[in-house]
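Down below is the structure, laid out as structure tokens.
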Amino acid sequence: MFTQRVPISIDKQLELKVEGDLNLSGWDQAEIQAAVERESDLRVTTHDDRVILESLGDLEIQVPAGVSIFVRKVEGDAEFQDLAGQLSVRAVGGDLNLDGLGDAQVESVGGDLDARKVSSLKVAAVGGDCSVSRIPGAVEISYVGGDMDAEDLGSLKLINVGGDCSANDIEGDFSVSNIGGDLDGENLRARISSVTVGGDLSLRVKSSGVKAMAGGDLDIRLDELSSEVVELSAGGDVDLRLPAQAHARMHITSGGRDILMRVGGW
């Protein structure tokens with residue numbers, strides 16, 4: 001194993017290109033420590049505004065926690081933890097793991113994405129499954145090829161999910177479009193602008209209006225009613241549960257199937 005240390009100031013950006021796996025973590029030193037299998041695997045280039053590291057194999061690296069990082073490419077898996085600076089990832093061929101970061105932007109992940117304790121997150125595409133949790137800021141994900149799990153988020157915007165989706169404890173805004181499978185949402189305190197699901201849809205909403213469309217069955221529970229619109233459409237059955245003191249005007253459609261409403265005790 002070959003190890004090299006490179007001084008870096010907090011105002012410089014670190015740029016990475018890795019042909020193998022990447023394991024990166026923040027520390028309190030004012031330098032980079034990079035470890036590779038062989039000395040010939042590592043190339044370091046220093047410019048006025050950035051430091052560029054290129055690895056021909058796996059790379060394990062510690063960096064000052066506040067440095068901003070730009071990842072041009074990782075051929076294998078990548079893991080980032082304990083960073084406060086901006087993280088921008090262009091492409092990861094395998095799985096991507098984010099833990100304890102500041103703001104993060106990701107363009108492409110070939111495998112699965114697991115992100116937790118990140119300040120905010122914006123993702124263009126995930127080829128596999130995606131799991132995000134404990135993110136106080138906004139989460140925006142444009143495409144997930146597999147299943148999606150979301151929990152304890154400041155807000156959530158999903159555009160395309162190929163599989164099933166679960167969402168729990170969402171604040172702020174909640175917008176979901178083009179879910180190929182089922183969607184199960186619990187403890188939603190968010191403003192729900194729109195939800196479109198190809199399969200079954202189940203939502204428990206604390207207090208908000210709802211505009212939802214499901215290709216299969218639709219099960220909605222509203223703990224409180226507000227002045228916002230509730231508009232539901234389903235290809236299968238519709239099951240709507242309202243608080244006991246409900247006073248509302250609703251428009252509900254179902255594709256030739258049953259509509260069941262529970263209001264208080266009836």
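Going by the structure tokens order, chains are called A, B, ..., each with residues numbered from 1, while ligands are numbered from 1 in the order shown.
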Could the residues of range 62-102 of chain A that have an atom at most 8 Å from range 3-18 of chain A be listed as CSV, each with its closest atom pair and the distance in Å to one decimal, counting only C-alpha atoms and ordered by chain and ascending residue number?
residue,atom,partner,partner_atom,distance
A:Pro64,CA,A:Ile10,CA,7.4
A:Gly66,CA,A:Ile10,CA,6.4
A:Val67,CA,A:Ile10,CA,5.2
A:Ser68,CA,A:Gln13,CA,5.1
A:Ile69,CA,A:Leu14,CA,4.8
A:Phe70,CA,A:Glu15,CA,4.8
A:Val71,CA,A:Leu16,CA,4.8
A:Arg72,CA,A:Lys17,CA,5.5
A:Lys73,CA,A:Lys17,CA,5.0
A:Val74,CA,A:Val18,CA,4.7
A:Glu75,CA,A:Val18,CA,6.4
Selection to disk with all heavy atoms, as a JSON list (two decimals), in the first residue's frame:
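Written out: out.json:
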[["chain", "number", "residue", "atom", "x", "y", "z"],
["A", 64, "PRO", "N", -9.61, 17.49, 4.33],
["A", 64, "PRO", "CA", -10.19, 18.45, 5.28],
["A", 64, "PRO", "C", -11.71, 18.52, 5.10],
["A", 64, "PRO", "O", -12.21, 18.62, 3.98],
["A", 64, "PRO", "CB", -9.52, 19.77, 4.90],
["A", 64, "PRO", "CG", -8.23, 19.37, 4.25],
["A", 64, "PRO", "CD", -8.52, 18.08, 3.53],
["A", 66, "GLY", "N", -14.05, 20.64, 5.35],
["A", 66, "GLY", "CA", -14.73, 21.75, 4.72],
["A", 66, "GLY", "C", -14.40, 21.97, 3.25],
["A", 66, "GLY", "O", -14.95, 22.87, 2.62],
["A", 67, "VAL", "N", -13.52, 21.18, 2.67],
["A", 67, "VAL", "CA", -13.12, 21.35, 1.28],
["A", 67, "VAL", "C", -14.26, 20.94, 0.34],
["A", 67, "VAL", "O", -14.93, 19.94, 0.56],
["A", 67, "VAL", "CB", -11.86, 20.51, 0.98],
["A", 67, "VAL", "CG1", -11.59, 20.43, -0.52],
["A", 67, "VAL", "CG2", -10.66, 21.11, 1.68],
["A", 68, "SER", "N", -14.48, 21.71, -0.72],
["A", 68, "SER", "CA", -15.46, 21.33, -1.74],
["A", 68, "SER", "C", -14.84, 20.28, -2.65],
["A", 68, "SER", "O", -13.64, 20.34, -2.98],
["A", 68, "SER", "CB", -15.92, 22.54, -2.54],
["A", 68, "SER", "OG", -14.86, 23.10, -3.29],
["A", 69, "ILE", "N", -15.68, 19.32, -3.08],
["A", 69, "ILE", "CA", -15.17, 18.16, -3.83],
["A", 69, "ILE", "C", -15.97, 17.98, -5.10],
["A", 69, "ILE", "O", -17.22, 18.02, -5.08],
["A", 69, "ILE", "CB", -15.26, 16.89, -2.96],
["A", 69, "ILE", "CG1", -14.41, 17.05, -1.70],
["A", 69, "ILE", "CG2", -14.82, 15.67, -3.75],
["A", 69, "ILE", "CD1", -14.62, 15.95, -0.69],
["A", 70, "PHE", "N", -15.26, 17.78, -6.20],
["A", 70, "PHE", "CA", -15.89, 17.46, -7.48],
["A", 70, "PHE", "C", -15.37, 16.11, -7.94],
["A", 70, "PHE", "O", -14.16, 15.91, -8.10],
["A", 70, "PHE", "CB", -15.57, 18.53, -8.54],
["A", 70, "PHE", "CG", -16.00, 18.14, -9.93],
["A", 70, "PHE", "CD1", -17.33, 17.87, -10.22],
["A", 70, "PHE", "CD2", -15.08, 18.03, -10.95],
["A", 70, "PHE", "CE1", -17.74, 17.50, -11.50],
["A", 70, "PHE", "CE2", -15.46, 17.67, -12.24],
["A", 70, "PHE", "CZ", -16.79, 17.41, -12.51],
["A", 71, "VAL", "N", -16.29, 15.15, -8.11],
["A", 71, "VAL", "CA", -15.92, 13.80, -8.54],
["A", 71, "VAL", "C", -16.29, 13.66, -10.02],
["A", 71, "VAL", "O", -17.47, 13.63, -10.37],
["A", 71, "VAL", "CB", -16.64, 12.73, -7.70],
["A", 71, "VAL", "CG1", -16.24, 11.34, -8.17],
["A", 71, "VAL", "CG2", -16.32, 12.92, -6.23],
["A", 72, "ARG", "N", -15.28, 13.60, -10.84],
["A", 72, "ARG", "CA", -15.52, 13.48, -12.28],
["A", 72, "ARG", "C", -16.03, 12.09, -12.64],
["A", 72, "ARG", "O", -16.98, 11.94, -13.41],
["A", 72, "ARG", "CB", -14.23, 13.79, -13.05],
["A", 72, "ARG", "CG", -14.42, 13.83, -14.56],
["A", 72, "ARG", "CD", -13.15, 14.30, -15.25],
["A", 72, "ARG", "NE", -12.80, 15.65, -14.83],
["A", 72, "ARG", "CZ", -13.31, 16.75, -15.36],
["A", 72, "ARG", "NH1", -14.23, 16.65, -16.32],
["A", 72, "ARG", "NH2", -12.95, 17.93, -14.94],
["A", 73, "LYS", "N", -15.39, 11.04, -12.07],
["A", 73, "LYS", "CA", -15.80, 9.67, -12.39],
["A", 73, "LYS", "C", -15.27, 8.71, -11.35],
["A", 73, "LYS", "O", -14.14, 8.84, -10.90],
["A", 73, "LYS", "CB", -15.30, 9.26, -13.78],
["A", 73, "LYS", "CG", -15.70, 7.85, -14.19],
["A", 73, "LYS", "CD", -15.17, 7.49, -15.59],
["A", 73, "LYS", "CE", -13.67, 7.34, -15.60],
["A", 73, "LYS", "NZ", -13.18, 6.79, -16.90],
["A", 74, "VAL", "N", -16.11, 7.73, -10.97],
["A", 74, "VAL", "CA", -15.69, 6.57, -10.17],
["A", 74, "VAL", "C", -16.21, 5.34, -10.89],
["A", 74, "VAL", "O", -17.43, 5.19, -11.06],
["A", 74, "VAL", "CB", -16.22, 6.63, -8.73],
["A", 74, "VAL", "CG1", -15.82, 5.36, -7.98],
["A", 74, "VAL", "CG2", -15.71, 7.86, -8.00],
["A", 75, "GLU", "N", -15.31, 4.47, -11.32],
["A", 75, "GLU", "CA", -15.74, 3.29, -12.07],
["A", 75, "GLU", "C", -16.48, 2.28, -11.19],
["A", 75, "GLU", "O", -17.42, 1.62, -11.63],
["A", 75, "GLU", "CB", -14.52, 2.61, -12.71],
["A", 75, "GLU", "CG", -13.86, 3.42, -13.81],
["A", 75, "GLU", "CD", -14.66, 3.43, -15.10],
["A", 75, "GLU", "OE1", -15.70, 2.74, -15.17],
["A", 75, "GLU", "OE2", -14.26, 4.14, -16.03]]
Could you pull out the residues in range 44-103 of chain A that DSSP calls strand (DSSP E) from the backbone, as an mmCIF file with C-alpha atoms, in the first residue's frame?
data_model
loop_
_atom_site.group_PDB
_atom_site.id
_atom_site.type_symbol
_atom_site.label_atom_id
_atom_site.label_comp_id
_atom_site.auth_asym_id
_atom_site.auth_seq_id
_atom_site.Cartn_x
_atom_site.Cartn_y
_atom_site.Cartn_z
ATOM 1 C CA VAL A 44 -1.499 14.312 -8.255
ATOM 2 C CA THR A 45 -1.713 17.669 -10.043
ATOM 3 C CA THR A 46 -1.839 20.995 -8.163
ATOM 4 C CA ARG A 50 -7.773 23.070 -7.195
ATOM 5 C CA VAL A 51 -5.969 19.806 -6.550
ATOM 6 C CA ILE A 52 -6.577 16.928 -8.995
ATOM 7 C CA LEU A 53 -6.143 13.288 -7.919
ATOM 8 C CA GLU A 54 -6.357 10.452 -10.437
ATOM 9 C CA SER A 55 -6.210 6.799 -9.380
ATOM 10 C CA LEU A 59 -8.512 4.915 -3.636
ATOM 11 C CA GLU A 60 -8.893 5.538 0.086
ATOM 12 C CA ILE A 61 -8.608 9.199 0.993
ATOM 13 C CA GLN A 62 -8.993 11.600 3.928
ATOM 14 C CA VAL A 63 -9.567 15.294 3.216
ATOM 15 C CA PRO A 64 -10.193 18.452 5.277
ATOM 16 C CA SER A 68 -15.460 21.329 -1.735
ATOM 17 C CA ILE A 69 -15.174 18.164 -3.826
ATOM 18 C CA PHE A 70 -15.887 17.465 -7.484
ATOM 19 C CA VAL A 71 -15.920 13.802 -8.542
ATOM 20 C CA ARG A 72 -15.518 13.479 -12.277
ATOM 21 C CA LYS A 73 -15.802 9.672 -12.391
ATOM 22 C CA VAL A 74 -15.690 6.574 -10.175
ATOM 23 C CA ALA A 78 -18.053 5.178 -3.858
ATOM 24 C CA GLU A 79 -18.525 6.142 -0.217
ATOM 25 C CA PHE A 80 -18.412 9.658 1.269
ATOM 26 C CA GLN A 81 -18.707 10.506 4.958
ATOM 27 C CA LEU A 87 -20.011 17.679 -2.914
ATOM 28 C CA SER A 88 -20.644 17.327 -6.648
ATOM 29 C CA VAL A 89 -20.578 13.879 -8.265
ATOM 30 C CA ARG A 90 -20.768 13.479 -12.030
ATOM 31 C CA ALA A 91 -20.743 9.680 -12.409
ATOM 32 C CA VAL A 92 -20.436 6.568 -10.217
ATOM 33 C CA LEU A 96 -22.969 5.315 -3.918
ATOM 34 C CA ASN A 97 -23.130 5.810 -0.142
ATOM 35 C CA LEU A 98 -23.443 9.287 1.422
ATOM 36 C CA ASP A 99 -23.314 9.760 5.214
ATOM 37 C CA GLY A 100 -22.914 12.952 7.217
ATOM 38 C CA LEU A 101 -22.467 15.544 4.453
ATOM 39 C CA GLY A 102 -23.336 19.125 3.555
ATOM 40 C CA ASP A 103 -25.114 19.945 0.294
#
Just to confirm, what's the straight-line distance from CA of Asp182 in chain A to CA of Ala234 in chain A in Å (one decimal)? 12.6 Å
List as a tab-separated table every residue of range 125-155 of chain A that is in contact with range 189-210 of chain A, defined as an atom at most 12 Å from one of its atoms (using only C-alpha atoms), together with the nearest atom pair and the distance in Å rounded to one decimal, sorted by chain and then rising number.
residue	atom	partner	partner_atom	distance
A:Ala138	CA	A:Ala190	CA	11.9
A:Asp152	CA	A:Arg189	CA	10.7
A:Leu153	CA	A:Ala190	CA	9.8
A:Gly154	CA	A:Ala190	CA	8.7
A:Ser155	CA	A:Ala190	CA	7.2
Now that the selection is made, can you save its residues with N, CA and C atoms as a compact mmCIF listing (two decimals), in the first residue's frame?
# COMPACT_ATOMS: atom_id res chain seq x y z
N ALA A 138 -33.99 20.15 1.22
CA ALA A 138 -34.77 19.66 0.08
C ALA A 138 -34.11 18.45 -0.56
N ASP A 152 -37.98 10.97 6.90
CA ASP A 152 -37.50 12.11 7.67
C ASP A 152 -36.77 13.13 6.78
N LEU A 153 -37.54 13.77 5.89
CA LEU A 153 -36.98 14.72 4.93
C LEU A 153 -37.63 16.09 5.07
N GLY A 154 -36.86 17.14 4.73
CA GLY A 154 -37.39 18.50 4.74
C GLY A 154 -38.41 18.72 3.65
N SER A 155 -38.20 18.12 2.48
CA SER A 155 -39.16 18.11 1.38
C SER A 155 -38.72 17.04 0.40
With distances taken over only C-alpha atoms, which residue among A:Asp21, A:Glu151, A:Asp41, A:Asp219 lies nearest Gly76 in chain A? A:Asp21
Any idea what's packed within 9 Å of Ile159 in chain A, counting only C-alpha atoms, ignoring anything in its chain fewer than 2 positions away? Could you give it as a PyMOL selection string? chain A and resi 140-144+157+161+175-179
Atoms to include: all heavy atoms. Write the selected residues as a tab-separated table (two decimals), in the first residue's frame.
chain	number	residue	atom	x	y	z
A	140	GLU	N	-34.44	16.29	-4.16
A	140	GLU	CA	-35.03	16.25	-5.50
A	140	GLU	C	-34.34	15.16	-6.30
A	140	GLU	O	-33.11	15.18	-6.46
A	140	GLU	CB	-34.86	17.60	-6.20
A	140	GLU	CG	-35.48	17.65	-7.58
A	140	GLU	CD	-35.38	19.01	-8.23
A	140	GLU	OE1	-35.18	20.00	-7.50
A	140	GLU	OE2	-35.47	19.09	-9.48
A	141	ILE	N	-35.11	14.19	-6.78
A	141	ILE	CA	-34.57	13.06	-7.52
A	141	ILE	C	-35.37	12.90	-8.81
A	141	ILE	O	-36.59	12.75	-8.78
A	141	ILE	CB	-34.63	11.77	-6.69
A	141	ILE	CG1	-33.84	11.96	-5.39
A	141	ILE	CG2	-34.07	10.60	-7.48
A	141	ILE	CD1	-33.91	10.79	-4.44
A	142	SER	N	-34.68	12.93	-9.94
A	142	SER	CA	-35.36	12.92	-11.23
A	142	SER	C	-35.68	11.51	-11.73
A	142	SER	O	-36.70	11.31	-12.39
A	142	SER	CB	-34.52	13.65	-12.28
A	142	SER	OG	-34.35	15.01	-11.93
A	143	TYR	N	-34.83	10.52	-11.42
A	143	TYR	CA	-35.07	9.18	-11.96
A	143	TYR	C	-34.47	8.13	-11.03
A	143	TYR	O	-33.31	8.24	-10.60
A	143	TYR	CB	-34.45	9.02	-13.35
A	143	TYR	CG	-34.56	7.62	-13.90
A	143	TYR	CD1	-35.72	7.18	-14.50
A	143	TYR	CD2	-33.49	6.72	-13.78
A	143	TYR	CE1	-35.83	5.88	-14.98
A	143	TYR	CE2	-33.59	5.43	-14.27
A	143	TYR	CZ	-34.76	5.00	-14.85
A	143	TYR	OH	-34.87	3.72	-15.33
A	144	VAL	N	-35.28	7.10	-10.71
A	144	VAL	CA	-34.82	5.92	-9.97
A	144	VAL	C	-35.29	4.69	-10.73
A	144	VAL	O	-36.50	4.52	-10.95
A	144	VAL	CB	-35.37	5.91	-8.52
A	144	VAL	CG1	-34.94	4.62	-7.81
A	144	VAL	CG2	-34.90	7.12	-7.75
A	157	LYS	N	-39.20	15.78	-3.84
A	157	LYS	CA	-39.73	15.86	-5.20
A	157	LYS	C	-39.18	14.68	-5.99
A	157	LYS	O	-37.97	14.56	-6.17
A	157	LYS	CB	-39.34	17.18	-5.87
A	157	LYS	CG	-39.89	17.32	-7.29
A	157	LYS	CD	-39.50	18.66	-7.90
A	157	LYS	CE	-40.07	18.81	-9.31
A	157	LYS	NZ	-39.70	20.12	-9.91
A	161	VAL	N	-39.94	6.92	-10.93
A	161	VAL	CA	-39.48	5.77	-10.15
A	161	VAL	C	-40.01	4.52	-10.82
A	161	VAL	O	-41.23	4.37	-10.99
A	161	VAL	CB	-39.94	5.84	-8.69
A	161	VAL	CG1	-39.52	4.58	-7.93
A	161	VAL	CG2	-39.39	7.08	-8.00
A	175	SER	N	-44.04	16.11	-3.78
A	175	SER	CA	-44.51	15.98	-5.16
A	175	SER	C	-43.93	14.71	-5.76
A	175	SER	O	-42.71	14.52	-5.74
A	175	SER	CB	-44.08	17.20	-5.98
A	175	SER	OG	-44.44	17.04	-7.34
A	176	VAL	N	-44.80	13.84	-6.26
A	176	VAL	CA	-44.37	12.56	-6.81
A	176	VAL	C	-45.05	12.34	-8.15
A	176	VAL	O	-46.28	12.39	-8.24
A	176	VAL	CB	-44.71	11.39	-5.86
A	176	VAL	CG1	-44.27	10.07	-6.44
A	176	VAL	CG2	-44.07	11.60	-4.49
A	177	SER	N	-44.27	12.09	-9.19
A	177	SER	CA	-44.82	11.86	-10.53
A	177	SER	C	-44.28	10.55	-11.10
A	177	SER	O	-43.11	10.22	-10.90
A	177	SER	CB	-44.44	13.02	-11.47
A	177	SER	OG	-44.88	14.25	-10.96
A	178	ASN	N	-45.14	9.84	-11.78
A	178	ASN	CA	-44.74	8.67	-12.56
A	178	ASN	C	-44.03	7.59	-11.73
A	178	ASN	O	-42.88	7.22	-11.99
A	178	ASN	CB	-43.83	9.10	-13.72
A	178	ASN	CG	-44.48	10.10	-14.63
A	178	ASN	OD1	-45.68	10.03	-14.89
A	178	ASN	ND2	-43.71	11.06	-15.11
A	179	ILE	N	-44.74	7.09	-10.71
A	179	ILE	CA	-44.27	5.93	-9.96
A	179	ILE	C	-44.80	4.68	-10.65
A	179	ILE	O	-46.01	4.51	-10.78
A	179	ILE	CB	-44.75	5.96	-8.50
A	179	ILE	CG1	-44.35	7.29	-7.84
A	179	ILE	CG2	-44.19	4.78	-7.71
A	179	ILE	CD1	-42.88	7.51	-7.76
Given only C-alpha atoms as the basis, pick out the residue of A:Val109, A:Ala167, A:Val132, A:Leu260 nearest to Gly93 in chain A.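 With only C-alpha atoms as the atom set, the closest residue is A:Val109.
Interatomic distance, CA of Asp173 in chain A to CA of Met261 in chain A: 26.2 Å.
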List the neighbours of Ile135 in chain A out to 7 Å using only C-alpha atoms; skip same-chain residues closer than 2 positions along the sequence, and give me the result as an MDAnalysis selection string. chainID A and resid 116:120 133 137 152:154
Any chance you can output those residues with C-alpha atoms as a tab-separated table (two decimals), in the first residue's frame?
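The result, written out as again09.tsv:
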chain	number	residue	atom	x	y	z
A	116	ARG	CA	-28.46	9.80	5.13
A	117	LYS	CA	-27.69	12.83	7.31
A	118	VAL	CA	-27.08	15.09	4.29
A	119	SER	CA	-27.99	18.81	4.42
A	120	SER	CA	-29.71	18.72	1.00
A	133	SER	CA	-33.21	9.53	5.24
A	137	GLY	CA	-33.23	20.23	3.49
A	152	ASP	CA	-37.50	12.11	7.67
A	153	LEU	CA	-36.98	14.72	4.93
A	154	GLY	CA	-37.39	18.50	4.74
For Gly181 in chain A, which residue among A:Ala35, A:Cys165, A:Leu218, A:Ala84 is the nearest when counting only C-alpha atoms?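 Once distances to Gly181 in chain A are computed over only C-alpha atoms, the minimum belongs to A:Cys165.
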